[in-house]
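Visitor: Sharing final.pdb below, PDB, C-alpha atoms:
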```pdb
ATOM      1  CA  MET A   1     -36.440  36.658  17.195
ATOM      2  CA  LEU A   2     -38.994  38.611  15.213
ATOM      3  CA  TRP A   3     -41.503  38.379  18.027
ATOM      4  CA  ALA A   4     -39.075  38.633  20.911
ATOM      5  CA  PHE A   5     -39.014  42.400  21.064
ATOM      6  CA  CYS A   6     -42.745  42.998  20.668
ATOM      7  CA  ALA A   7     -43.352  45.398  23.535
ATOM      8  CA  SER A   8     -46.848  46.560  22.653
ATOM      9  CA  ALA A   9     -48.637  44.228  20.313
ATOM     10  CA  HIS A  10     -51.959  42.668  19.395
ATOM     11  CA  GLU A  11     -51.855  39.150  17.999
ATOM     12  CA  MET A  12     -54.616  36.741  17.007
ATOM     13  CA  THR A  13     -54.199  33.201  15.714
ATOM     14  CA  PRO A  14     -54.841  31.128  13.704
ATOM     15  CA  ALA A  15     -54.951  33.137  10.472
ATOM     16  CA  TYR A  16     -57.146  30.518   8.801
ATOM     17  CA  PRO A  17     -59.357  28.863  11.438
ATOM     18  CA  LYS A  18     -61.525  25.884  10.509
ATOM     19  CA  PHE A  19     -65.212  25.452  11.263
ATOM     20  CA  LYS A  20     -65.907  22.695  13.780
ATOM     21  CA  PRO A  21     -69.260  21.284  14.897
ATOM     22  CA  SER A  22     -70.467  22.731  18.195
ATOM     23  CA  HIS A  23     -72.587  21.151  20.913
ATOM     24  CA  VAL A  24     -75.676  22.799  19.338
ATOM     25  CA  TYR A  25     -77.210  21.262  16.211
ATOM     26  CA  GLY A  26     -76.907  23.567  13.172
ATOM     27  CA  VAL A  27     -74.289  25.764  14.806
ATOM     28  CA  TYR A  28     -70.571  25.622  14.060
ATOM     29  CA  ARG A  29     -67.686  27.118  15.977
ATOM     30  CA  VAL A  30     -64.207  28.430  15.288
ATOM     31  CA  ASP A  31     -61.549  28.508  17.989
ATOM     32  CA  LEU A  32     -59.232  31.499  18.232
ATOM     33  CA  SER A  33     -56.547  32.793  20.517
ATOM     34  CA  LEU A  34     -55.682  36.404  21.302
ATOM     35  CA  PHE A  35     -52.501  37.670  22.930
ATOM     36  CA  ASN A  36     -52.387  41.180  24.359
ATOM     37  CA  SER A  37     -49.084  42.884  24.951
ATOM     38  CA  ARG A  38     -50.485  46.394  24.557
ATOM     39  CA  GLU A  39     -50.178  47.718  28.088
ATOM     40  CA  GLU A  40     -52.645  50.570  27.496
ATOM     41  CA  ILE A  41     -55.354  48.187  26.175
ATOM     42  CA  ALA A  42     -57.466  45.919  28.381
ATOM     43  CA  TYR A  43     -60.543  45.159  26.261
ATOM     44  CA  TYR A  44     -61.039  43.639  22.821
ATOM     45  CA  GLU A  45     -64.207  43.314  20.718
ATOM     46  CA  VAL A  46     -65.041  40.319  18.520
ATOM     47  CA  GLU A  47     -66.789  40.887  15.168
ATOM     48  CA  LEU A  48     -67.838  38.702  12.242
ATOM     49  CA  PHE A  49     -67.976  40.031   8.679
ATOM     50  CA  ASP A  50     -68.977  38.903   5.195
ATOM     51  CA  THR A  51     -67.115  39.628   1.919
ATOM     52  CA  ASN A  52     -68.358  43.233   1.858
ATOM     53  CA  TRP A  53     -67.453  43.854   5.497
ATOM     54  CA  GLY A  54     -71.107  43.669   6.478
ATOM     55  CA  ALA A  55     -71.670  42.505  10.052
ATOM     56  CA  LEU A  56     -73.079  38.993  10.505
ATOM     57  CA  PRO A  57     -74.827  37.521  13.555
ATOM     58  CA  PHE A  58     -72.770  35.243  15.774
ATOM     59  CA  SER A  59     -72.495  34.202  19.367
ATOM     60  CA  THR A  60     -69.600  34.144  21.793
ATOM     61  CA  VAL A  61     -69.264  34.250  25.553
ATOM     62  CA  TYR A  62     -68.399  37.971  25.610
ATOM     63  CA  ARG A  63     -68.393  40.240  22.544
ATOM     64  CA  VAL A  64     -66.153  42.657  24.435
ATOM     65  CA  PHE A  65     -63.816  40.809  26.742
ATOM     66  CA  LYS A  66     -60.993  41.701  29.072
ATOM     67  CA  VAL A  67     -57.481  40.551  28.267
ATOM     68  CA  ASP A  68     -54.859  41.723  30.731
ATOM     69  CA  TYR A  69     -51.412  42.845  29.670
ATOM     70  CA  LYS A  70     -49.254  39.882  28.552
ATOM     71  CA  GLU A  71     -52.253  37.557  28.827
ATOM     72  CA  ARG A  72     -53.475  35.041  26.243
ATOM     73  CA  LYS A  73     -57.199  34.402  25.913
ATOM     74  CA  ASN A  74     -58.683  31.494  23.985
ATOM     75  CA  PHE A  75     -62.243  31.965  22.774
ATOM     76  CA  SER A  76     -64.783  30.434  20.402
ATOM     77  CA  VAL A  77     -67.109  32.115  17.933
ATOM     78  CA  TYR A  78     -70.386  30.298  17.167
ATOM     79  CA  ILE A  79     -71.860  30.717  13.685
ATOM     80  CA  ARG A  80     -75.157  29.417  12.274
ATOM     81  CA  GLU A  81     -74.895  26.829   9.527
ATOM     82  CA  ALA A  82     -76.936  29.167   7.281
ATOM     83  CA  ASP A  83     -74.219  31.835   7.584
ATOM     84  CA  LEU A  84     -71.215  29.573   6.982
ATOM     85  CA  ASN A  85     -70.929  30.399   3.280
ATOM     86  CA  LYS A  86     -71.277  34.135   3.997
ATOM     87  CA  ALA A  87     -68.889  34.478   6.966
ATOM     88  CA  LEU A  88     -65.420  35.438   5.767
ATOM     89  CA  TYR A  89     -63.597  37.410   8.455
ATOM     90  CA  VAL A  90     -63.584  37.116  12.220
ATOM     91  CA  CYS A  91     -61.816  40.082  13.790
ATOM     92  CA  THR A  92     -60.754  41.357  17.191
ATOM     93  CA  THR A  93     -60.458  45.108  17.703
ATOM     94  CA  SER A  94     -58.737  46.843  20.591
ATOM     95  CA  LYS A  95     -60.885  49.277  22.564
ATOM     96  CA  VAL A  96     -58.941  52.465  23.155
ATOM     97  CA  LYS A  97     -59.326  54.602  26.255
ATOM     98  CA  LYS A  98     -59.929  58.331  26.346
ATOM     99  CA  THR A  99     -56.796  60.391  26.983
ATOM    100  CA  TYR A 100     -56.186  63.880  28.272
ATOM    101  CA  GLU A 101     -53.697  65.104  25.683
ATOM    102  CA  SER A 102     -54.332  66.088  22.070
ATOM    103  CA  SER A 103     -53.270  62.936  20.311
ATOM    104  CA  THR A 104     -53.987  60.215  17.802
ATOM    105  CA  LEU A 105     -54.743  56.870  19.378
ATOM    106  CA  ILE A 106     -54.150  53.618  17.544
ATOM    107  CA  SER A 107     -56.878  51.032  17.423
ATOM    108  CA  SER A 108     -55.572  47.681  16.206
ATOM    109  CA  ARG A 109     -57.684  45.068  14.481
ATOM    110  CA  VAL A 110     -56.549  41.591  13.414
ATOM    111  CA  CYS A 111     -58.805  39.581  11.099
ATOM    112  CA  SER A 112     -58.610  35.839  10.458
ATOM    113  CA  ARG A 113     -60.079  34.452   7.264
ATOM    114  CA  LEU A 114     -62.717  31.733   7.473
ATOM    115  CA  GLU A 115     -62.747  29.332   4.614
ATOM    116  CA  GLY A 116     -63.167  25.700   3.726
ATOM    117  CA  ASP A 117     -65.771  23.141   4.596
ATOM    118  CA  PRO A 118     -66.633  22.334   8.212
ATOM    119  CA  LEU A 119     -64.550  19.555   9.750
TER     120      LEU A 119
ATOM    121  CA  MET B   1     -26.809 -12.224  46.860
ATOM    122  CA  LYS B   2     -25.221 -12.920  43.474
ATOM    123  CA  TYR B   3     -28.644 -12.949  41.853
ATOM    124  CA  PHE B   4     -29.649  -9.801  43.687
ATOM    125  CA  MET B   5     -26.546  -7.929  42.428
ATOM    126  CA  GLY B   6     -27.260  -9.172  38.939
ATOM    127  CA  ILE B   7     -30.763  -7.758  39.011
ATOM    128  CA  LEU B   8     -29.518  -4.454  40.426
ATOM    129  CA  SER B   9     -26.932  -4.145  37.662
ATOM    130  CA  LEU B  10     -29.748  -4.282  35.104
ATOM    131  CA  PHE B  11     -31.208  -1.101  36.592
ATOM    132  CA  ALA B  12     -27.829   0.614  36.349
ATOM    133  CA  PHE B  13     -28.074   0.839  32.545
ATOM    134  CA  PRO B  14     -29.256   4.234  31.427
ATOM    135  CA  ALA B  15     -32.721   4.396  29.906
ATOM    136  CA  LEU B  16     -32.482   5.646  26.338
ATOM    137  CA  ALA B  17     -35.317   7.378  24.574
ATOM    138  CA  ASP B  18     -35.653   9.835  21.731
ATOM    139  CA  VAL B  19     -37.262  13.117  22.683
ATOM    140  CA  ASN B  20     -38.559  15.044  19.717
ATOM    141  CA  ILE B  21     -38.788  18.769  19.567
ATOM    142  CA  VAL B  22     -41.547  19.740  17.198
ATOM    143  CA  GLY B  23     -42.335  23.223  15.985
ATOM    144  CA  THR B  24     -44.661  24.685  13.382
ATOM    145  CA  VAL B  25     -44.627  28.025  11.657
ATOM    146  CA  ALA B  26     -48.101  29.278  10.850
ATOM    147  CA  ALA B  27     -49.302  32.510   9.315
ATOM    148  CA  LYS B  28     -49.444  35.143  12.003
ATOM    149  CA  CYS B  29     -49.807  38.911  12.067
ATOM    150  CA  VAL B  30     -48.814  41.055  15.020
ATOM    151  CA  ILE B  31     -49.718  44.743  15.129
ATOM    152  CA  GLN B  32     -47.354  46.697  17.283
ATOM    153  CA  THR B  33     -47.996  50.286  18.279
ATOM    154  CA  ASP B  34     -44.510  51.774  18.374
ATOM    155  CA  LYS B  35     -45.597  55.345  19.007
ATOM    156  CA  SER B  36     -48.909  57.109  19.541
ATOM    157  CA  GLY B  37     -49.187  60.388  17.673
ATOM    158  CA  VAL B  38     -49.543  63.851  19.136
ATOM    159  CA  TYR B  39     -51.285  66.806  17.512
ATOM    160  CA  GLY B  40     -49.284  69.983  17.236
ATOM    161  CA  ASN B  41     -51.081  73.329  16.992
ATOM    162  CA  PRO B  42     -48.906  75.440  14.644
ATOM    163  CA  ILE B  43     -51.642  77.997  14.012
ATOM    164  CA  ALA B  44     -54.893  78.558  15.902
ATOM    165  CA  SER B  45     -57.048  76.855  13.281
ATOM    166  CA  LYS B  46     -54.899  73.777  12.633
ATOM    167  CA  LEU B  47     -54.047  70.545  14.431
ATOM    168  CA  SER B  48     -51.443  68.372  12.782
ATOM    169  CA  THR B  49     -49.272  65.359  13.607
ATOM    170  CA  THR B  50     -46.551  66.494  11.172
ATOM    171  CA  PRO B  51     -43.263  67.155  13.001
ATOM    172  CA  ALA B  52     -42.863  70.475  11.125
ATOM    173  CA  ASP B  53     -46.143  71.549  12.770
ATOM    174  CA  GLY B  54     -44.948  70.496  16.230
ATOM    175  CA  GLY B  55     -46.732  67.150  16.136
ATOM    176  CA  VAL B  56     -45.590  63.570  16.469
ATOM    177  CA  LEU B  57     -46.459  60.980  13.813
ATOM    178  CA  PRO B  58     -47.997  57.735  15.097
ATOM    179  CA  VAL B  59     -45.876  54.718  14.143
ATOM    180  CA  ILE B  60     -47.353  51.238  13.715
ATOM    181  CA  ARG B  61     -45.380  48.087  13.021
ATOM    182  CA  PHE B  62     -46.825  45.027  11.287
ATOM    183  CA  ASP B  63     -44.956  41.735  11.784
ATOM    184  CA  VAL B  64     -45.945  38.868   9.509
ATOM    185  CA  SER B  65     -44.462  35.388   9.764
ATOM    186  CA  ILE B  66     -45.450  34.038   6.327
ATOM    187  CA  ALA B  67     -45.123  35.944   3.054
ATOM    188  CA  ASP B  68     -48.218  36.973   1.098
ATOM    189  CA  SER B  69     -50.740  36.057   3.805
ATOM    190  CA  TYR B  70     -51.983  39.455   4.997
ATOM    191  CA  THR B  71     -52.806  42.998   3.957
ATOM    192  CA  ALA B  72     -52.255  46.022   6.196
ATOM    193  CA  ASN B  73     -55.213  48.412   6.051
ATOM    194  CA  ILE B  74     -54.566  51.677   7.852
ATOM    195  CA  THR B  75     -57.327  54.259   8.179
ATOM    196  CA  HIS B  76     -56.462  57.861   8.996
ATOM    197  CA  PRO B  77     -59.009  59.820  11.034
ATOM    198  CA  THR B  78     -61.845  61.886   9.587
ATOM    199  CA  ALA B  79     -63.364  62.877  12.917
ATOM    200  CA  PHE B  80     -62.298  63.458  16.493
ATOM    201  CA  SER B  81     -63.226  60.694  18.897
ATOM    202  CA  SER B  82     -63.283  63.282  21.659
ATOM    203  CA  SER B  83     -63.018  67.064  21.531
ATOM    204  CA  PRO B  84     -64.614  70.216  22.895
ATOM    205  CA  SER B  85     -67.889  71.192  21.242
ATOM    206  CA  LEU B  86     -67.245  72.369  17.673
ATOM    207  CA  SER B  87     -69.781  74.504  15.820
ATOM    208  CA  ASP B  88     -68.076  74.707  12.415
ATOM    209  CA  THR B  89     -66.856  72.190   9.842
ATOM    210  CA  LEU B  90     -63.477  70.490   9.837
ATOM    211  CA  ALA B  91     -61.308  69.877   6.777
ATOM    212  CA  TRP B  92     -59.400  66.626   7.308
ATOM    213  CA  THR B  93     -56.355  65.412   5.416
ATOM    214  CA  GLY B  94     -54.233  62.363   6.060
ATOM    215  CA  SER B  95     -51.891  59.824   4.563
ATOM    216  CA  THR B  96     -50.006  56.681   5.528
ATOM    217  CA  SER B  97     -46.564  55.711   4.318
ATOM    218  CA  VAL B  98     -43.906  53.070   4.830
ATOM    219  CA  THR B  99     -41.125  54.478   6.995
ATOM    220  CA  GLN B 100     -38.913  51.467   7.774
ATOM    221  CA  THR B 101     -38.625  47.844   6.684
ATOM    222  CA  SER B 102     -36.806  44.723   7.868
ATOM    223  CA  VAL B 103     -36.373  43.409   4.314
ATOM    224  CA  ALA B 104     -35.144  45.598   1.433
ATOM    225  CA  GLY B 105     -37.861  44.331  -0.939
ATOM    226  CA  MET B 106     -40.576  45.790   1.299
ATOM    227  CA  SER B 107     -39.738  49.290   0.104
ATOM    228  CA  ALA B 108     -41.883  48.453  -2.952
ATOM    229  CA  TYR B 109     -44.963  48.497  -0.676
ATOM    230  CA  GLU B 110     -45.005  52.298  -0.825
ATOM    231  CA  ALA B 111     -45.351  52.484  -4.627
ATOM    232  CA  ALA B 112     -47.919  49.668  -4.675
ATOM    233  CA  LYS B 113     -50.189  51.047  -1.943
ATOM    234  CA  VAL B 114     -53.860  51.583  -2.734
ATOM    235  CA  LEU B 115     -55.968  54.358  -1.231
ATOM    236  CA  VAL B 116     -59.672  53.611  -0.748
ATOM    237  CA  ASP B 117     -61.482  56.580   0.830
ATOM    238  CA  ASN B 118     -59.355  57.269   3.903
ATOM    239  CA  THR B 119     -57.901  53.745   4.141
ATOM    240  CA  THR B 120     -54.472  52.926   2.721
ATOM    241  CA  ILE B 121     -54.004  49.257   1.811
ATOM    242  CA  PHE B 122     -50.569  47.642   1.675
ATOM    243  CA  ASN B 123     -50.127  44.107   0.347
ATOM    244  CA  LEU B 124     -47.663  42.407   2.723
ATOM    245  CA  THR B 125     -45.981  40.127   0.196
ATOM    246  CA  LEU B 126     -42.846  39.452   2.252
ATOM    247  CA  ALA B 127     -42.306  38.001   5.721
ATOM    248  CA  GLY B 128     -40.847  40.365   8.303
ATOM    249  CA  SER B 129     -41.562  43.746   9.867
ATOM    250  CA  THR B 130     -42.820  46.934   8.247
ATOM    251  CA  TRP B 131     -43.193  50.277   9.999
ATOM    252  CA  PHE B 132     -45.902  52.690   8.878
ATOM    253  CA  SER B 133     -46.565  56.254   9.952
ATOM    254  CA  THR B 134     -49.806  58.144   9.533
ATOM    255  CA  ALA B 135     -50.035  61.887   9.086
ATOM    256  CA  SER B 136     -53.283  63.545  10.110
ATOM    257  CA  SER B 137     -54.361  67.161  10.139
ATOM    258  CA  ALA B 138     -57.585  69.027  10.753
ATOM    259  CA  VAL B 139     -58.324  72.644   9.862
ATOM    260  CA  TYR B 140     -61.241  74.286  11.612
ATOM    261  CA  GLY B 141     -63.859  76.329   9.748
ATOM    262  CA  ALA B 142     -62.645  79.252   7.666
ATOM    263  CA  ALA B 143     -59.422  79.715   9.642
ATOM    264  CA  LYS B 144     -61.360  79.774  12.912
ATOM    265  CA  PRO B 145     -59.363  79.157  16.090
ATOM    266  CA  PHE B 146     -59.972  75.766  17.739
ATOM    267  CA  PRO B 147     -61.638  76.075  21.156
ATOM    268  CA  GLY B 148     -59.316  75.196  24.035
ATOM    269  CA  GLY B 149     -59.365  71.586  25.176
ATOM    270  CA  THR B 150     -58.144  68.090  24.378
ATOM    271  CA  TYR B 151     -58.552  66.628  20.896
ATOM    272  CA  THR B 152     -58.269  62.922  20.235
ATOM    273  CA  ALA B 153     -58.612  60.983  16.987
ATOM    274  CA  VAL B 154     -58.206  57.275  16.270
ATOM    275  CA  VAL B 155     -56.025  55.648  13.616
ATOM    276  CA  GLN B 156     -57.385  52.186  12.755
ATOM    277  CA  ALA B 157     -54.665  49.654  11.921
ATOM    278  CA  THR B 158     -56.083  46.407  10.516
ATOM    279  CA  CYS B 159     -54.272  43.242   9.538
ATOM    280  CA  VAL B 160     -56.471  41.134   7.252
ATOM    281  CA  ALA B 161     -55.694  37.527   6.321
ATOM    282  CA  LYS B 162     -55.793  37.080   2.524
TER     283      LYS B 162
END
```
What would the structure in this file look like if it were written as structure tokens?
Guide:
Amino acid sequence: MLWAFCASAHEMTPAYPKFKPSHVYGVYRVDLSLFNSREEIAYYEVELFDTNWGALPFSTVYRVFKVDYKERKNFSVYIREADLNKALYVCTTSKVKKTYESSTLISSRVCSRLEGDPL
Amino acid sequence: MKYFMGILSLFAFPALADVNIVGTVAAKCVIQTDKSGVYGNPIASKLSTTPADGGVLPVIRFDVSIADSYTANITHPTAFSSSPSLSDTLAWTGSTSVTQTSVAGMSAYEAAKVLVDNTTIFNLTLAGSTWFSTASSAVYGAAKPFPGGTYTAVVQATCVAK
């Protein structure tokens, strides 16, 4: 019931994704899922951070990708083995559009925590 | 014919099978934007989201499914993301507070909040929904009037898994 009346929301799961081996040697991946029910938002950006919120290199199909209203998008983030012990947060951030009234816009960001040994 | 009827009667018995319904509850955070804010312009040199200044406070709701799994980090603006050209400095102020909760114990979030620069951090120790509102105001120069145009600033609402 908690989620049933979410009219305009940004959701990303899982909260604690696990590293899995990828098809490339020395590169691991985490699988995530994003659900967009913010009607005014169509694009989300993926970012990878360390403990101090410093950006880390990673690869994904699109760093900024389109997610239509009420659409779920599954995506993978590829991380080098050398960065596994540094990578702590993988986040998606909504990209807000310019408006024509004096206002505050809300940019939402959901961060999952990476931890544990690779599977 | 007798044998045939006998075989048919076997098929008449209902097939019985157990069908399981399986569900899992995992940690999840949903950020809901209940209301975007609007800047009021009570005097020529000030833009403010405070209702007393003619503004509208932005309201953000955080829904968490598992207790003590996330923090809510809300950053009030310190710059306009779009505005007319401004030649003087801006004095920014802002704050974020808990305005509504789904569980009575969440009211303690307000006293326990931590302010780091312009980011207010709330430890979401209980499962359920919490509503936050962010006040933001900007004063231009030494009481200089703001040039005409549209002013937009961004409030960053972040849900971080602990």
Visitor: Using all atoms listed in the file and a cutoff of 9 Å, can you tell me which residues are near (-56.3, 60.5, 13.7) in the file's coordinates, and write them out as a list in words?
Guide: Ser103, Thr104, Leu105 and Ile106 of chain A; Gly37, Tyr39, Thr49, Pro58, Thr75, His76, Pro77, Thr78, Ala79, Phe80, Ser81, Gly94, Thr134, Ala135, Ser136, Ser137, Thr152, Ala153, Val154, Val155 and Gln156 of chain B
Visitor: Would you mind reading off the distance between atom CA of A:Asn36 and atom CA of A:Lys73, one decimal, in Å?
Guide: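 Straight-line distance from atom CA of A:Asn36 to atom CA of A:Lys73 works out to 8.5 Å.
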Visitor: If you take only C-alpha atoms and a cut-off of 12 Å, which residues of chain A touch chain B, and what are their nearest atom pairs and distances in Å to one decimal, in chain and number order, as JSON lines?
Guide:
```
{"residue": "A:Met1", "atom": "CA", "partner": "B:Gly128", "partner_atom": "CA", "distance": 10.6}
{"residue": "A:Leu2", "atom": "CA", "partner": "B:Gly128", "partner_atom": "CA", "distance": 7.4}
{"residue": "A:Trp3", "atom": "CA", "partner": "B:Asp63", "partner_atom": "CA", "distance": 7.9}
{"residue": "A:Ala4", "atom": "CA", "partner": "B:Asp63", "partner_atom": "CA", "distance": 11.3}
{"residue": "A:Phe5", "atom": "CA", "partner": "B:Gln32", "partner_atom": "CA", "distance": 10.1}
{"residue": "A:Cys6", "atom": "CA", "partner": "B:Gln32", "partner_atom": "CA", "distance": 6.8}
{"residue": "A:Ala7", "atom": "CA", "partner": "B:Gln32", "partner_atom": "CA", "distance": 7.5}
{"residue": "A:Ser8", "atom": "CA", "partner": "B:Gln32", "partner_atom": "CA", "distance": 5.4}
{"residue": "A:Ala9", "atom": "CA", "partner": "B:Gln32", "partner_atom": "CA", "distance": 4.1}
{"residue": "A:His10", "atom": "CA", "partner": "B:Ile31", "partner_atom": "CA", "distance": 5.2}
{"residue": "A:Glu11", "atom": "CA", "partner": "B:Val30", "partner_atom": "CA", "distance": 4.7}
{"residue": "A:Met12", "atom": "CA", "partner": "B:Cys29", "partner_atom": "CA", "distance": 7.2}
{"residue": "A:Thr13", "atom": "CA", "partner": "B:Lys28", "partner_atom": "CA", "distance": 6.3}
{"residue": "A:Pro14", "atom": "CA", "partner": "B:Lys28", "partner_atom": "CA", "distance": 6.9}
{"residue": "A:Ala15", "atom": "CA", "partner": "B:Ala27", "partner_atom": "CA", "distance": 5.8}
{"residue": "A:Tyr16", "atom": "CA", "partner": "B:Ala161", "partner_atom": "CA", "distance": 7.6}
{"residue": "A:Pro17", "atom": "CA", "partner": "B:Ala161", "partner_atom": "CA", "distance": 10.7}
{"residue": "A:Ser33", "atom": "CA", "partner": "B:Lys28", "partner_atom": "CA", "distance": 11.3}
{"residue": "A:Leu34", "atom": "CA", "partner": "B:Val30", "partner_atom": "CA", "distance": 10.4}
{"residue": "A:Phe35", "atom": "CA", "partner": "B:Val30", "partner_atom": "CA", "distance": 9.4}
{"residue": "A:Asn36", "atom": "CA", "partner": "B:Val30", "partner_atom": "CA", "distance": 10.0}
{"residue": "A:Ser37", "atom": "CA", "partner": "B:Gln32", "partner_atom": "CA", "distance": 8.7}
{"residue": "A:Arg38", "atom": "CA", "partner": "B:Thr33", "partner_atom": "CA", "distance": 7.8}
{"residue": "A:Glu39", "atom": "CA", "partner": "B:Thr33", "partner_atom": "CA", "distance": 10.4}
{"residue": "A:Glu40", "atom": "CA", "partner": "B:Thr33", "partner_atom": "CA", "distance": 10.3}
{"residue": "A:Ile41", "atom": "CA", "partner": "B:Thr33", "partner_atom": "CA", "distance": 11.0}
{"residue": "A:Phe49", "atom": "CA", "partner": "B:Val160", "partner_atom": "CA", "distance": 11.6}
{"residue": "A:Thr51", "atom": "CA", "partner": "B:Lys162", "partner_atom": "CA", "distance": 11.6}
{"residue": "A:Trp53", "atom": "CA", "partner": "B:Val160", "partner_atom": "CA", "distance": 11.4}
{"residue": "A:Leu88", "atom": "CA", "partner": "B:Ala161", "partner_atom": "CA", "distance": 10.0}
{"residue": "A:Tyr89", "atom": "CA", "partner": "B:Val160", "partner_atom": "CA", "distance": 8.1}
{"residue": "A:Val90", "atom": "CA", "partner": "B:Val160", "partner_atom": "CA", "distance": 9.6}
{"residue": "A:Cys91", "atom": "CA", "partner": "B:Val160", "partner_atom": "CA", "distance": 8.5}
{"residue": "A:Thr92", "atom": "CA", "partner": "B:Thr158", "partner_atom": "CA", "distance": 9.6}
{"residue": "A:Thr93", "atom": "CA", "partner": "B:Thr158", "partner_atom": "CA", "distance": 8.5}
{"residue": "A:Ser94", "atom": "CA", "partner": "B:Gln156", "partner_atom": "CA", "distance": 9.6}
{"residue": "A:Lys95", "atom": "CA", "partner": "B:Val154", "partner_atom": "CA", "distance": 10.5}
{"residue": "A:Val96", "atom": "CA", "partner": "B:Val154", "partner_atom": "CA", "distance": 8.4}
{"residue": "A:Lys97", "atom": "CA", "partner": "B:Ser81", "partner_atom": "CA", "distance": 10.3}
{"residue": "A:Lys98", "atom": "CA", "partner": "B:Ser82", "partner_atom": "CA", "distance": 7.6}
{"residue": "A:Thr99", "atom": "CA", "partner": "B:Thr152", "partner_atom": "CA", "distance": 7.4}
{"residue": "A:Tyr100", "atom": "CA", "partner": "B:Thr150", "partner_atom": "CA", "distance": 6.1}
{"residue": "A:Glu101", "atom": "CA", "partner": "B:Thr150", "partner_atom": "CA", "distance": 5.5}
{"residue": "A:Ser102", "atom": "CA", "partner": "B:Tyr151", "partner_atom": "CA", "distance": 4.4}
{"residue": "A:Ser103", "atom": "CA", "partner": "B:Val38", "partner_atom": "CA", "distance": 4.0}
{"residue": "A:Thr104", "atom": "CA", "partner": "B:Ala153", "partner_atom": "CA", "distance": 4.8}
{"residue": "A:Leu105", "atom": "CA", "partner": "B:Val154", "partner_atom": "CA", "distance": 4.7}
{"residue": "A:Ile106", "atom": "CA", "partner": "B:Val155", "partner_atom": "CA", "distance": 4.8}
{"residue": "A:Ser107", "atom": "CA", "partner": "B:Gln156", "partner_atom": "CA", "distance": 4.8}
{"residue": "A:Ser108", "atom": "CA", "partner": "B:Ala157", "partner_atom": "CA", "distance": 4.8}
{"residue": "A:Arg109", "atom": "CA", "partner": "B:Thr158", "partner_atom": "CA", "distance": 4.5}
{"residue": "A:Val110", "atom": "CA", "partner": "B:Cys159", "partner_atom": "CA", "distance": 4.8}
{"residue": "A:Cys111", "atom": "CA", "partner": "B:Val160", "partner_atom": "CA", "distance": 4.8}
{"residue": "A:Ser112", "atom": "CA", "partner": "B:Ala161", "partner_atom": "CA", "distance": 5.3}
{"residue": "A:Arg113", "atom": "CA", "partner": "B:Ala161", "partner_atom": "CA", "distance": 5.4}
{"residue": "A:Leu114", "atom": "CA", "partner": "B:Ala161", "partner_atom": "CA", "distance": 9.2}
{"residue": "A:Glu115", "atom": "CA", "partner": "B:Lys162", "partner_atom": "CA", "distance": 10.6}
```
Visitor: Could you jot down the atom CA of A:Tyr78 to atom CA of A:Pro21 separation for me, Å, one decimal place?
Guide: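 Between atom CA of A:Tyr78 and atom CA of A:Pro21 the gap works out to 9.4 Å.
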Visitor: For atom CA of B:Asn123 and atom CA of A:Val46, quote the distance in Å rounded to one decimal.
Guide: 23.8 Å
Visitor: Excluding same-chain residues fewer than 5 positions from B:Glu110, what lies within 8 Å of it counting all atoms listed in the file, as a VMD selection string?
Guide: chain B and resid 97 to 98 122
Visitor: Can you spit out the residues from that selection as a PDB file, in the frame of the given file, using C-alpha atoms?
Guide:
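Result written to selection19.pdb:
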```
ATOM      1  CA  SER B  97     -46.564  55.711   4.318  1.00  0.00           C
ATOM      2  CA  VAL B  98     -43.906  53.070   4.830  1.00  0.00           C
ATOM      3  CA  PHE B 122     -50.569  47.642   1.675  1.00  0.00           C
TER       4      PHE B 122
END
```
Visitor: Name the closest residue to A:Thr60 among the candidates A:Val30, A:Asp83, A:Tyr25, A:Tyr43; distances are taken between atoms, counting only C-alpha atoms.
Guide: A:Val30
Visitor: For A:Tyr44, which residue among A:Glu71, A:Arg80, A:Lys18, A:Phe65 is the nearest when counting only C-alpha atoms?
Guide: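 Under the stated criterion, the closest residue is A:Phe65.
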Visitor: Do a neighbour search on B:Ser45 at 8 Å with all atoms listed in the file, toss out local chain neighbours closer than 5 positions, and write the hits as number ranges by chain.
Guide: B: 139-141, 143-146
